[in-house]
Amino acid sequence: MSLLDIRNLTVEFATAHGALRAVDGINLQLDEGEIVAIVGESGSGKSVAMLALMGLLPWTAKVTADCMLFDNQDLLLMSPKKRRKIIGKDISMIFQEPMTSLNPCFTVGYQIAEVLAQHFGGSHRSHQERTIELLQQVGIPAAETRLKAYPHQLSGGMCQRVMIAMMIACQPKLLIADEPTTALDVTIQAQILDLLVELQKANGMALVLITHDMAVVAETADNVLVQYAGQQVEQRPVKALFNNPRHPYTQALLDALPERSEGQLLNAIPGVVPGQLDRPQGCLFNPRCELVQEHCRQQPPSHQEGILCHYPLPLINDPAPASGETLS
Amino acid sequence: MKQPLIQARDLHKHYPIKAGFLKADQSLHALAGASFDLYPGQTLAIVGESGCGKSTLARILTLIEAPTIGQLTIDDIDAGTNINSATKKRLRQTVQMVFQDPFGSLNPRQTIGAILQEPLLINTDLNAAQRQQQVLQMMARVGLREEHYYRYPHMFSGGQRQRIAIARALVLNPKVVILDEPVSALDVSIQAQVLNLLMELQQELDLAYVFISHDLSVVQHIADQVLVMYLGKPVEHGPSNAVFAEPQHPYTQALLSATPHANTDQKQQRIKLTGELPSPLDPPTGCTFHPRCQHAMPACKTDTPDMKERHNEISTSCLMY
């Protein structure tokens, strides 16, 4: 039984130009202790899908799904009060900009203790002790003195550690990290990613990593979900995806990396992700696809073996697929 | 051999910090001794963590600030410590800059046409028709269409905005362009488009680029020379191929090993850099990198290494060699 089971998640926003479909039929299954990465360009609905799971979208958003099971409870059917007990405790989320997601008016000690008070109650002193423990766990030196620090007194990497401490305060079963390292330097990025994986292993957490950095995905994730313009175009185990991408978009994303380029010029993907008003007919990727056929311009494709394409790239026979790898 | 466009020798920048009423003023050494030569058609990449003095160097090269100590020659004109405003004005056409965030660097109330005309309006005596003609030419060159002339920045995507910023930098026909993390705010696919454009323009116009970045895979692709900085000091400087093949300084080695690769087969061993950049107000004694260095020796705490050529044209400042 998976920890998280989302089927056919669709999010629509009511706008002046009619409904904008930001997320279009996403499926995501996640077991305990598994790391799934969601990749895609900006505007592909990665964050919106996860915000829908957290219930953090504004009222203009219409969230529908066949099911959104977390621990065998459907989040969409339960009362908001009950849902709030789960959100922040069993499912928590780290945001992209550590500097802006912390409240500048309160000390970091206060902000972490607030989470504990909200979900567990208990005394002020017990919160303080637990907060110090958490700060040490995420590798903040001199944790006792940092309790009284305000976010502006800490560096970006330290703020992100504080965010992580806050999010693991309730020992969540599922942690969603939305571009946790984009705003950080490479050395700090490596530290934070190592920390996340370490905590994930120690607590048996499931981790959803939203990112557009393919290299980060390659080094951390077990499974990868590639999203394009709100649709899920490919979902595969990480090794299979990097060695043998099946969807032309995944292939193009990998080819665009400077380290994979041959020769001086990079293989850019022409054009941009279609917006609300310029959605093409047929396959949404067809105007930017190198392998486009007439059929792609007319008919929207359906999922074949988890790949949303009329003409998926051929499967290269891997002599010995690593054990434990299954298509989910 | 071509003449170098920029010659920098031992550039320093100190900022005075008021410590308080009755306390002596401190000075913050944001940049401590950067030297390099930049030739036309070449790209110099400056690499390092935030707070290492990359942007201070960019501010000096763009003449926003004058260095405290050191010699700087741009296009055979002295732009060092006592530069006057007339020289500055002349050199501003030679050195232009593209900023990191294309959402913050374009005025939302101006049309693209007005944004691109402004450098010409300030620096040249062209009339309105000539300015418009030049702007349209430049727009075509960076891949913008003519109808974009009357549009506003919010109507463009991140990649297109960065094209506008590049056009604005190039409209004065500069010889040097300072690129401050020009692609770090963009997606990989768009990043590739912008990098391709930059490389094409460099070949076409024989531009020299100073490329500031912390994404080493991009640097490896685009740079001819790499200058690695740590806490205001250059620690390694050499041809890009050599530095990426055989990094000499432990900090460069750590930086390279921290960069993730899109390769699932070989998990590389990361060199762990513990801790963060120390405060530049109170830098460690001896080699400033020693508290985080895995090869630190007792001598590193007391002796300051100097920049010397050690291996394969790479200069580095480390006591190990």
# chains A, B, ... in the order shown; residues from 1 in each chain; ligands from 1
call {"tool": "interface_residues", "arguments": {"of": "chain B", "to": "chain A", "cutoff": "8 Å", "atoms": "only C-alpha atoms", "output": "ChimeraX atom specification"}}
result
/B:49-50,187-193,195-196,199,214-215,217-218,221,254-255,258-265,267,272-273,276
call {"tool": "atom_distance", "arguments": {"atom1": "atom CA of B:Met138", "atom2": "atom CA of B:Leu207"}}
result
14.9 Å
call {"tool": "atom_distance", "arguments": {"atom1": "atom CA of A:Arg84", "atom2": "atom CA of A:Met99"}}
result
24.7 Å
call {"tool": "residues_around", "arguments": {"residues": "B:His14", "least_positions_apart": "4", "cutoff": "10 Å", "atoms": "only C-alpha atoms", "output": "list in words"}}
result
Gln26, Ser27, Leu28, His29, Ala30, Leu31, Ala32, Thr56, Pro67, Thr68 and Ile69 of chain B
call {"tool": "write_last_selection", "arguments": {"atoms": "all heavy atoms", "output": "JSON list (two decimals), in the first residue's frame"}}
result
[["chain", "number", "residue", "atom", "x", "y", "z"],
["B", 26, "GLN", "N", 36.39, 50.20, 11.02],
["B", 26, "GLN", "CA", 37.03, 49.02, 10.46],
["B", 26, "GLN", "C", 36.99, 49.13, 8.94],
["B", 26, "GLN", "O", 36.28, 49.96, 8.39],
["B", 26, "GLN", "CB", 36.25, 47.77, 10.85],
["B", 26, "GLN", "CG", 36.44, 47.35, 12.29],
["B", 26, "GLN", "CD", 35.57, 46.15, 12.57],
["B", 26, "GLN", "OE1", 34.36, 46.25, 12.61],
["B", 26, "GLN", "NE2", 36.21, 45.01, 12.77],
["B", 27, "SER", "N", 37.78, 48.30, 8.28],
["B", 27, "SER", "CA", 37.59, 48.29, 6.84],
["B", 27, "SER", "C", 37.40, 46.87, 6.37],
["B", 27, "SER", "O", 38.00, 45.93, 6.88],
["B", 27, "SER", "CB", 38.78, 48.95, 6.14],
["B", 27, "SER", "OG", 39.81, 48.04, 5.96],
["B", 28, "LEU", "N", 36.46, 46.72, 5.44],
["B", 28, "LEU", "CA", 36.09, 45.41, 4.94],
["B", 28, "LEU", "C", 36.81, 45.19, 3.62],
["B", 28, "LEU", "O", 36.62, 45.96, 2.67],
["B", 28, "LEU", "CB", 34.58, 45.36, 4.76],
["B", 28, "LEU", "CG", 33.96, 44.01, 4.40],
["B", 28, "LEU", "CD1", 32.57, 43.94, 4.98],
["B", 28, "LEU", "CD2", 33.91, 43.78, 2.93],
["B", 29, "HIS", "N", 37.63, 44.17, 3.55],
["B", 29, "HIS", "CA", 38.38, 43.90, 2.33],
["B", 29, "HIS", "C", 37.53, 43.03, 1.42],
["B", 29, "HIS", "O", 37.59, 41.81, 1.48],
["B", 29, "HIS", "CB", 39.71, 43.23, 2.66],
["B", 29, "HIS", "CG", 40.62, 44.11, 3.44],
["B", 29, "HIS", "ND1", 41.98, 44.12, 3.25],
["B", 29, "HIS", "CD2", 40.38, 45.04, 4.38],
["B", 29, "HIS", "CE1", 42.52, 45.01, 4.07],
["B", 29, "HIS", "NE2", 41.56, 45.58, 4.77],
["B", 30, "ALA", "N", 36.71, 43.67, 0.59],
["B", 30, "ALA", "CA", 35.81, 42.91, -0.27],
["B", 30, "ALA", "C", 36.58, 42.25, -1.41],
["B", 30, "ALA", "O", 36.19, 41.21, -1.91],
["B", 30, "ALA", "CB", 34.72, 43.81, -0.83],
["B", 31, "LEU", "N", 37.65, 42.87, -1.81],
["B", 31, "LEU", "CA", 38.45, 42.32, -2.91],
["B", 31, "LEU", "C", 39.90, 42.54, -2.53],
["B", 31, "LEU", "O", 40.30, 43.64, -2.19],
["B", 31, "LEU", "CB", 38.11, 43.05, -4.21],
["B", 31, "LEU", "CG", 38.75, 42.52, -5.47],
["B", 31, "LEU", "CD1", 38.21, 41.15, -5.79],
["B", 31, "LEU", "CD2", 38.44, 43.45, -6.63],
["B", 32, "ALA", "N", 40.69, 41.46, -2.57],
["B", 32, "ALA", "CA", 42.06, 41.57, -2.12],
["B", 32, "ALA", "C", 43.01, 40.96, -3.14],
["B", 32, "ALA", "O", 43.39, 39.80, -3.04],
["B", 32, "ALA", "CB", 42.22, 40.89, -0.76],
["B", 56, "THR", "N", 31.87, 42.65, -6.46],
["B", 56, "THR", "CA", 32.70, 43.82, -6.25],
["B", 56, "THR", "C", 33.63, 44.02, -7.45],
["B", 56, "THR", "O", 33.80, 45.13, -7.95],
["B", 56, "THR", "CB", 33.55, 43.65, -4.98],
["B", 56, "THR", "OG1", 32.68, 43.36, -3.91],
["B", 56, "THR", "CG2", 34.35, 44.89, -4.68],
["B", 67, "PRO", "N", 38.80, 51.13, -7.74],
["B", 67, "PRO", "CA", 39.54, 50.28, -6.81],
["B", 67, "PRO", "C", 40.29, 51.12, -5.78],
["B", 67, "PRO", "O", 40.66, 52.27, -6.05],
["B", 67, "PRO", "CB", 40.50, 49.51, -7.71],
["B", 67, "PRO", "CG", 40.63, 50.33, -8.94],
["B", 67, "PRO", "CD", 39.33, 51.04, -9.10],
["B", 68, "THR", "N", 40.49, 50.57, -4.58],
["B", 68, "THR", "CA", 41.25, 51.28, -3.54],
["B", 68, "THR", "C", 42.74, 51.25, -3.86],
["B", 68, "THR", "O", 43.45, 52.23, -3.71],
["B", 68, "THR", "CB", 41.01, 50.63, -2.17],
["B", 68, "THR", "OG1", 39.63, 50.26, -2.08],
["B", 68, "THR", "CG2", 41.35, 51.57, -1.04],
["B", 69, "ILE", "N", 43.23, 50.08, -4.25],
["B", 69, "ILE", "CA", 44.63, 49.93, -4.65],
["B", 69, "ILE", "C", 44.62, 49.13, -5.95],
["B", 69, "ILE", "O", 43.71, 48.35, -6.20],
["B", 69, "ILE", "CB", 45.44, 49.10, -3.60],
["B", 69, "ILE", "CG1", 45.16, 49.60, -2.19],
["B", 69, "ILE", "CG2", 46.92, 49.12, -3.92],
["B", 69, "ILE", "CD1", 45.77, 48.72, -1.12]]
call {"tool": "residues_around", "arguments": {"residues": "A:Gln293", "least_positions_apart": "6", "cutoff": "10 Å", "atoms": "only C-alpha atoms", "output": "PDB file with N, CA, C and O atoms, in the first residue's frame"}}
result
ATOM      1  N   ASN A 286       4.131  19.551 -29.461  1.00  0.00           N
ATOM      2  CA  ASN A 286       4.424  19.439 -30.902  1.00  0.00           C
ATOM      3  C   ASN A 286       5.129  20.640 -31.527  1.00  0.00           C
ATOM      4  O   ASN A 286       6.007  20.455 -32.371  1.00  0.00           O
ATOM      5  N   HIS A 310       2.757  10.035 -29.038  1.00  0.00           N
ATOM      6  CA  HIS A 310       2.319   9.137 -30.118  1.00  0.00           C
ATOM      7  C   HIS A 310       3.457   8.223 -30.542  1.00  0.00           C
ATOM      8  O   HIS A 310       3.265   7.067 -30.869  1.00  0.00           O
ATOM      9  N   TYR A 311       4.659   8.796 -30.574  1.00  0.00           N
ATOM     10  CA  TYR A 311       5.798   8.047 -31.096  1.00  0.00           C
ATOM     11  C   TYR A 311       6.938   8.070 -30.084  1.00  0.00           C
ATOM     12  O   TYR A 311       7.924   8.792 -30.268  1.00  0.00           O
TER      13      TYR A 311
END
call {"tool": "select_by_dssp", "arguments": {"residues": "stretch 68-230 of chain B", "states": "helix (DSSP H, G or I)", "output": "MDAnalysis selection string"}}
result
chainID B and resid 85:92 112:123 128:141 146:150 153:155 158:170 188:205 216:222
call {"tool": "atom_distance", "arguments": {"atom1": "atom CA of B:Ile178", "atom2": "atom CA of B:Ile60"}}
result
10.8 Å
call {"tool": "residues_around", "arguments": {"residues": "A:Met68", "least_positions_apart": "3", "cutoff": "10 Å", "atoms": "only C-alpha atoms", "output": "list in words"}}
result
Leu4, Asp5, Ile6, Arg7, Asn8, Leu9, Asn27, Leu28, Gln29, Leu53, Thr64, Ala65, Asp71, Asn72, Gln73, Asp74, Leu75, Leu76 and Leu77 of chain A
call {"tool": "write_last_selection", "arguments": {"atoms": "N, CA and C atoms", "output": "PDB file, in the first residue's frame"}}
result
ATOM      1  N   LEU A   4       1.291   7.591  -0.490  1.00  0.00           N
ATOM      2  CA  LEU A   4       0.548   8.642  -1.181  1.00  0.00           C
ATOM      3  C   LEU A   4       0.083   8.076  -2.512  1.00  0.00           C
ATOM      4  N   ASP A   5      -1.169   8.294  -2.813  1.00  0.00           N
ATOM      5  CA  ASP A   5      -1.705   7.776  -4.064  1.00  0.00           C
ATOM      6  C   ASP A   5      -2.611   8.845  -4.680  1.00  0.00           C
ATOM      7  N   ILE A   6      -2.056   9.548  -5.656  1.00  0.00           N
ATOM      8  CA  ILE A   6      -2.843  10.584  -6.328  1.00  0.00           C
ATOM      9  C   ILE A   6      -3.162  10.083  -7.718  1.00  0.00           C
ATOM     10  N   ARG A   7      -4.418  10.133  -8.081  1.00  0.00           N
ATOM     11  CA  ARG A   7      -4.778   9.727  -9.433  1.00  0.00           C
ATOM     12  C   ARG A   7      -5.541  10.832 -10.133  1.00  0.00           C
ATOM     13  N   ASN A   8      -5.101  11.113 -11.327  1.00  0.00           N
ATOM     14  CA  ASN A   8      -5.776  12.060 -12.215  1.00  0.00           C
ATOM     15  C   ASN A   8      -6.044  13.412 -11.541  1.00  0.00           C
ATOM     16  N   LEU A   9      -5.017  13.970 -10.950  1.00  0.00           N
ATOM     17  CA  LEU A   9      -5.154  15.274 -10.302  1.00  0.00           C
ATOM     18  C   LEU A   9      -5.203  16.379 -11.356  1.00  0.00           C
ATOM     19  N   ASN A  27      -0.652  11.633 -12.080  1.00  0.00           N
ATOM     20  CA  ASN A  27      -0.728  10.465 -11.192  1.00  0.00           C
ATOM     21  C   ASN A  27       0.574  10.385 -10.438  1.00  0.00           C
ATOM     22  N   LEU A  28       0.477  10.125  -9.141  1.00  0.00           N
ATOM     23  CA  LEU A  28       1.707  10.000  -8.359  1.00  0.00           C
ATOM     24  C   LEU A  28       1.478   8.998  -7.246  1.00  0.00           C
ATOM     25  N   GLN A  29       2.297   7.947  -7.258  1.00  0.00           N
ATOM     26  CA  GLN A  29       2.271   6.999  -6.144  1.00  0.00           C
ATOM     27  C   GLN A  29       3.632   7.039  -5.472  1.00  0.00           C
ATOM     28  N   LEU A  53      -1.953  19.429  -3.268  1.00  0.00           N
ATOM     29  CA  LEU A  53      -1.887  18.353  -2.280  1.00  0.00           C
ATOM     30  C   LEU A  53      -1.888  18.928  -0.864  1.00  0.00           C
ATOM     31  N   THR A  64      -9.558  18.866  -8.686  1.00  0.00           N
ATOM     32  CA  THR A  64     -10.313  17.618  -8.790  1.00  0.00           C
ATOM     33  C   THR A  64      -9.334  16.463  -8.935  1.00  0.00           C
ATOM     34  N   ALA A  65      -9.717  15.303  -8.455  1.00  0.00           N
ATOM     35  CA  ALA A  65      -8.881  14.122  -8.611  1.00  0.00           C
ATOM     36  C   ALA A  65      -9.761  12.911  -8.410  1.00  0.00           C
ATOM     37  N   ASP A  71      -1.995   7.885   3.340  1.00  0.00           N
ATOM     38  CA  ASP A  71      -2.196   6.948   4.445  1.00  0.00           C
ATOM     39  C   ASP A  71      -3.614   6.389   4.444  1.00  0.00           C
ATOM     40  N   ASN A  72      -4.138   6.095   3.262  1.00  0.00           N
ATOM     41  CA  ASN A  72      -5.480   5.540   3.103  1.00  0.00           C
ATOM     42  C   ASN A  72      -6.629   6.474   3.471  1.00  0.00           C
ATOM     43  N   GLN A  73      -6.329   7.752   3.609  1.00  0.00           N
ATOM     44  CA  GLN A  73      -7.420   8.702   3.847  1.00  0.00           C
ATOM     45  C   GLN A  73      -7.469   9.648   2.664  1.00  0.00           C
ATOM     46  N   ASP A  74      -8.659   9.891   2.147  1.00  0.00           N
ATOM     47  CA  ASP A  74      -8.752  10.799   1.014  1.00  0.00           C
ATOM     48  C   ASP A  74      -8.767  12.241   1.505  1.00  0.00           C
ATOM     49  N   LEU A  75      -7.734  12.973   1.124  1.00  0.00           N
ATOM     50  CA  LEU A  75      -7.595  14.351   1.603  1.00  0.00           C
ATOM     51  C   LEU A  75      -8.704  15.258   1.079  1.00  0.00           C
ATOM     52  N   LEU A  76      -9.234  14.918  -0.121  1.00  0.00           N
ATOM     53  CA  LEU A  76     -10.245  15.798  -0.704  1.00  0.00           C
ATOM     54  C   LEU A  76     -11.595  15.641  -0.034  1.00  0.00           C
ATOM     55  N   LEU A  77     -11.816  14.472   0.598  1.00  0.00           N
ATOM     56  CA  LEU A  77     -13.137  14.223   1.166  1.00  0.00           C
ATOM     57  C   LEU A  77     -13.226  14.621   2.630  1.00  0.00           C
TER      58      LEU A  77
END
call {"tool": "select_by_dssp", "arguments": {"residues": "stretch 206-310 of chain A", "states": "strand (DSSP E)", "output": "short mmCIF file (atom, residue, chain, number, x, y, z; two decimals) with all heavy atoms, in the first residue's frame"}}
result
data_model
loop_
_atom_site.label_atom_id
_atom_site.label_comp_id
_atom_site.auth_asym_id
_atom_site.auth_seq_id
_atom_site.Cartn_x
_atom_site.Cartn_y
_atom_site.Cartn_z
N ALA A 206 9.16 9.84 3.12
CA ALA A 206 9.11 9.91 1.67
C ALA A 206 9.41 11.36 1.30
O ALA A 206 9.10 12.27 2.05
CB ALA A 206 7.74 9.51 1.17
N LEU A 207 10.05 11.55 0.15
CA LEU A 207 10.47 12.89 -0.23
C LEU A 207 10.05 13.16 -1.66
O LEU A 207 10.30 12.36 -2.55
CB LEU A 207 12.00 12.99 -0.08
CG LEU A 207 12.68 14.30 -0.39
CD1 LEU A 207 12.24 15.38 0.58
CD2 LEU A 207 14.19 14.15 -0.31
N VAL A 208 9.37 14.27 -1.86
CA VAL A 208 9.07 14.72 -3.22
C VAL A 208 9.96 15.93 -3.48
O VAL A 208 9.92 16.90 -2.73
CB VAL A 208 7.59 15.12 -3.39
CG1 VAL A 208 7.35 15.67 -4.78
CG2 VAL A 208 6.70 13.94 -3.14
N LEU A 209 10.77 15.85 -4.52
CA LEU A 209 11.72 16.91 -4.80
C LEU A 209 11.29 17.59 -6.09
O LEU A 209 11.28 16.97 -7.15
CB LEU A 209 13.10 16.27 -4.96
CG LEU A 209 14.31 17.15 -5.06
CD1 LEU A 209 14.54 17.82 -3.73
CD2 LEU A 209 15.52 16.32 -5.42
N ILE A 210 10.88 18.84 -5.98
CA ILE A 210 10.50 19.58 -7.19
C ILE A 210 11.72 20.36 -7.64
O ILE A 210 12.30 21.09 -6.84
CB ILE A 210 9.35 20.56 -6.90
CG1 ILE A 210 8.16 19.80 -6.33
CG2 ILE A 210 8.96 21.31 -8.15
CD1 ILE A 210 7.03 20.70 -5.91
N THR A 211 12.12 20.22 -8.88
CA THR A 211 13.32 20.92 -9.31
C THR A 211 13.33 21.08 -10.82
O THR A 211 12.57 20.42 -11.53
CB THR A 211 14.59 20.18 -8.85
OG1 THR A 211 15.73 20.88 -9.29
CG2 THR A 211 14.64 18.78 -9.40
N ASN A 223 12.76 7.80 -8.38
CA ASN A 223 11.86 7.86 -9.51
C ASN A 223 11.72 9.29 -9.99
O ASN A 223 11.87 10.22 -9.20
CB ASN A 223 10.47 7.35 -9.12
CG ASN A 223 10.37 5.86 -9.24
OD1 ASN A 223 10.56 5.30 -10.33
ND2 ASN A 223 10.10 5.19 -8.14
N VAL A 224 11.44 9.46 -11.26
CA VAL A 224 11.32 10.80 -11.81
C VAL A 224 10.00 10.93 -12.56
O VAL A 224 9.59 10.02 -13.28
CB VAL A 224 12.47 11.12 -12.80
CG1 VAL A 224 12.41 12.57 -13.22
CG2 VAL A 224 13.80 10.80 -12.19
N LEU A 225 9.36 12.07 -12.35
CA LEU A 225 8.14 12.38 -13.08
C LEU A 225 8.44 13.65 -13.89
O LEU A 225 8.80 14.66 -13.32
CB LEU A 225 7.03 12.62 -12.07
CG LEU A 225 5.58 12.72 -12.47
CD1 LEU A 225 4.73 12.37 -11.27
CD2 LEU A 225 5.21 14.07 -12.96
N VAL A 226 8.33 13.56 -15.19
CA VAL A 226 8.61 14.72 -16.02
C VAL A 226 7.28 15.36 -16.41
O VAL A 226 6.37 14.68 -16.89
CB VAL A 226 9.38 14.34 -17.31
CG1 VAL A 226 9.73 15.58 -18.11
CG2 VAL A 226 10.63 13.56 -16.96
N GLN A 227 7.17 16.65 -16.15
CA GLN A 227 5.93 17.35 -16.41
C GLN A 227 6.14 18.39 -17.50
O GLN A 227 7.17 19.05 -17.54
CB GLN A 227 5.47 18.03 -15.11
CG GLN A 227 4.03 17.80 -14.81
CD GLN A 227 3.68 18.27 -13.42
OE1 GLN A 227 4.13 17.72 -12.45
NE2 GLN A 227 2.86 19.30 -13.35
N TYR A 228 5.16 18.52 -18.39
CA TYR A 228 5.25 19.56 -19.41
C TYR A 228 3.88 20.19 -19.58
O TYR A 228 2.90 19.48 -19.85
CB TYR A 228 5.72 18.97 -20.75
CG TYR A 228 5.87 20.03 -21.81
CD1 TYR A 228 6.93 20.91 -21.78
CD2 TYR A 228 4.91 20.19 -22.80
CE1 TYR A 228 7.05 21.92 -22.71
CE2 TYR A 228 5.02 21.20 -23.74
CZ TYR A 228 6.10 22.05 -23.70
OH TYR A 228 6.22 23.05 -24.62
N GLN A 231 0.98 18.55 -17.95
CA GLN A 231 0.76 17.12 -18.17
C GLN A 231 1.97 16.32 -17.76
O GLN A 231 3.10 16.78 -17.85
CB GLN A 231 0.49 16.87 -19.67
CG GLN A 231 -0.80 17.49 -20.12
CD GLN A 231 -1.04 17.25 -21.59
OE1 GLN A 231 -0.09 17.12 -22.36
NE2 GLN A 231 -2.29 17.20 -21.97
N GLN A 232 1.68 15.10 -17.36
CA GLN A 232 2.76 14.21 -16.98
C GLN A 232 3.20 13.49 -18.25
O GLN A 232 2.44 12.74 -18.84
CB GLN A 232 2.18 13.24 -15.96
CG GLN A 232 3.07 12.14 -15.56
CD GLN A 232 2.36 11.30 -14.51
OE1 GLN A 232 1.36 11.72 -13.91
NE2 GLN A 232 2.83 10.11 -14.29
N VAL A 233 4.42 13.77 -18.73
CA VAL A 233 4.80 13.19 -20.02
C VAL A 233 5.60 11.90 -19.88
O VAL A 233 5.61 11.08 -20.77
CB VAL A 233 5.56 14.19 -20.92
CG1 VAL A 233 4.68 15.38 -21.27
CG2 VAL A 233 6.84 14.65 -20.29
N GLU A 234 6.29 11.72 -18.77
CA GLU A 234 7.05 10.49 -18.60
C GLU A 234 7.26 10.26 -17.12
O GLU A 234 7.54 11.18 -16.37
CB GLU A 234 8.40 10.61 -19.31
CG GLU A 234 9.22 9.35 -19.29
CD GLU A 234 10.36 9.35 -20.31
OE1 GLU A 234 10.51 10.34 -21.02
OE2 GLU A 234 11.08 8.34 -20.37
N GLN A 235 7.12 8.99 -16.69
CA GLN A 235 7.43 8.67 -15.30
C GLN A 235 8.20 7.36 -15.27
O GLN A 235 7.69 6.33 -15.67
CB GLN A 235 6.16 8.55 -14.46
CG GLN A 235 6.51 8.36 -13.01
CD GLN A 235 5.29 8.29 -12.12
OE1 GLN A 235 4.19 8.08 -12.57
NE2 GLN A 235 5.51 8.44 -10.83
N ARG A 236 9.44 7.43 -14.82
CA ARG A 236 10.31 6.25 -14.90
C ARG A 236 11.27 6.27 -13.71
O ARG A 236 11.50 7.30 -13.10
CB ARG A 236 11.16 6.31 -16.17
CG ARG A 236 10.43 6.58 -17.46
CD ARG A 236 10.14 5.34 -18.25
NE ARG A 236 11.32 4.54 -18.54
CZ ARG A 236 12.20 4.82 -19.49
NH1 ARG A 236 12.07 5.90 -20.21
NH2 ARG A 236 13.21 4.02 -19.70
N PRO A 237 11.90 5.12 -13.43
CA PRO A 237 13.00 5.12 -12.45
C PRO A 237 14.16 5.96 -12.99
O PRO A 237 14.33 6.07 -14.21
CB PRO A 237 13.42 3.65 -12.37
CG PRO A 237 12.29 2.89 -12.94
CD PRO A 237 11.62 3.77 -13.92
N HIS A 303 -1.45 8.02 -22.83
CA HIS A 303 -0.30 7.41 -22.16
C HIS A 303 -0.06 5.99 -22.68
O HIS A 303 -0.95 5.17 -22.69
CB HIS A 303 -0.55 7.34 -20.66
CG HIS A 303 -0.29 8.63 -19.98
ND1 HIS A 303 0.96 9.01 -19.59
CD2 HIS A 303 -1.12 9.65 -19.65
CE1 HIS A 303 0.89 10.20 -19.02
NE2 HIS A 303 -0.36 10.62 -19.05
N GLN A 304 1.17 5.73 -23.15
CA GLN A 304 1.55 4.36 -23.46
C GLN A 304 2.73 4.03 -22.55
O GLN A 304 3.74 4.70 -22.62
CB GLN A 304 2.04 4.20 -24.90
CG GLN A 304 1.27 4.98 -25.93
CD GLN A 304 1.90 4.79 -27.30
OE1 GLN A 304 2.66 3.88 -27.53
NE2 GLN A 304 1.55 5.67 -28.21
N ILE A 307 4.16 6.90 -20.91
CA ILE A 307 4.75 7.97 -21.70
C ILE A 307 3.66 8.61 -22.54
O ILE A 307 2.93 7.93 -23.26
CB ILE A 307 5.88 7.43 -22.60
CG1 ILE A 307 6.98 6.88 -21.71
CG2 ILE A 307 6.43 8.50 -23.51
CD1 ILE A 307 7.51 5.59 -22.19
N LEU A 308 3.55 9.92 -22.44
CA LEU A 308 2.50 10.63 -23.14
C LEU A 308 3.03 11.07 -24.50
O LEU A 308 3.48 12.19 -24.67
CB LEU A 308 2.06 11.84 -22.31
CG LEU A 308 0.82 12.58 -22.80
CD1 LEU A 308 -0.41 11.74 -22.61
CD2 LEU A 308 0.67 13.90 -22.06
#
call {"tool": "residues_around", "arguments": {"residues": "B:Asp224", "least_positions_apart": "3", "cutoff": "7 Å", "atoms": "only C-alpha atoms", "output": "PyMOL selection string"}}
result
chain B and resi 42-44+239-240
call {"tool": "write_last_selection", "arguments": {"atoms": "all heavy atoms", "output": "mmCIF file, in the first residue's frame"}}
result
data_model
loop_
_atom_site.group_PDB
_atom_site.id
_atom_site.type_symbol
_atom_site.label_atom_id
_atom_site.label_comp_id
_atom_site.auth_asym_id
_atom_site.auth_seq_id
_atom_site.Cartn_x
_atom_site.Cartn_y
_atom_site.Cartn_z
ATOM 1 N N GLN B 42 37.563 36.675 -25.983
ATOM 2 C CA GLN B 42 37.770 35.680 -24.941
ATOM 3 C C GLN B 42 36.742 35.801 -23.828
ATOM 4 O O GLN B 42 36.145 36.848 -23.638
ATOM 5 C CB GLN B 42 39.145 35.882 -24.309
ATOM 6 C CG GLN B 42 40.187 34.974 -24.888
ATOM 7 C CD GLN B 42 41.310 34.761 -23.890
ATOM 8 O OE1 GLN B 42 41.356 35.387 -22.841
ATOM 9 N NE2 GLN B 42 42.198 33.859 -24.220
ATOM 10 N N THR B 43 36.560 34.732 -23.092
ATOM 11 C CA THR B 43 35.661 34.754 -21.945
ATOM 12 C C THR B 43 36.443 34.410 -20.685
ATOM 13 O O THR B 43 37.118 33.387 -20.642
ATOM 14 C CB THR B 43 34.533 33.729 -22.122
ATOM 15 O OG1 THR B 43 33.861 33.998 -23.339
ATOM 16 C CG2 THR B 43 33.557 33.802 -20.974
ATOM 17 N N LEU B 44 36.348 35.302 -19.719
ATOM 18 C CA LEU B 44 36.933 35.021 -18.409
ATOM 19 C C LEU B 44 35.788 34.724 -17.457
ATOM 20 O O LEU B 44 34.867 35.521 -17.326
ATOM 21 C CB LEU B 44 37.709 36.242 -17.904
ATOM 22 C CG LEU B 44 38.088 36.221 -16.423
ATOM 23 C CD1 LEU B 44 39.263 35.306 -16.184
ATOM 24 C CD2 LEU B 44 38.403 37.608 -15.916
ATOM 25 N N PRO B 239 43.763 28.511 -17.621
ATOM 26 C CA PRO B 239 42.906 28.171 -18.757
ATOM 27 C C PRO B 239 41.824 27.197 -18.301
ATOM 28 O O PRO B 239 42.090 26.311 -17.480
ATOM 29 C CB PRO B 239 43.859 27.489 -19.737
ATOM 30 C CG PRO B 239 45.224 27.723 -19.228
ATOM 31 C CD PRO B 239 45.140 28.055 -17.797
ATOM 32 N N SER B 240 40.628 27.393 -18.836
ATOM 33 C CA SER B 240 39.471 26.615 -18.397
ATOM 34 C C SER B 240 39.721 25.105 -18.483
ATOM 35 O O SER B 240 39.443 24.369 -17.528
ATOM 36 C CB SER B 240 38.283 27.028 -19.251
ATOM 37 O OG SER B 240 37.235 26.169 -19.092
#
call {"tool": "closest_residue", "arguments": {"among": "A:Gln136, A:Thr10, A:Asn203, A:Asn103", "to": "A:Gly45", "atoms": "only C-alpha atoms"}}
result
A:Thr10
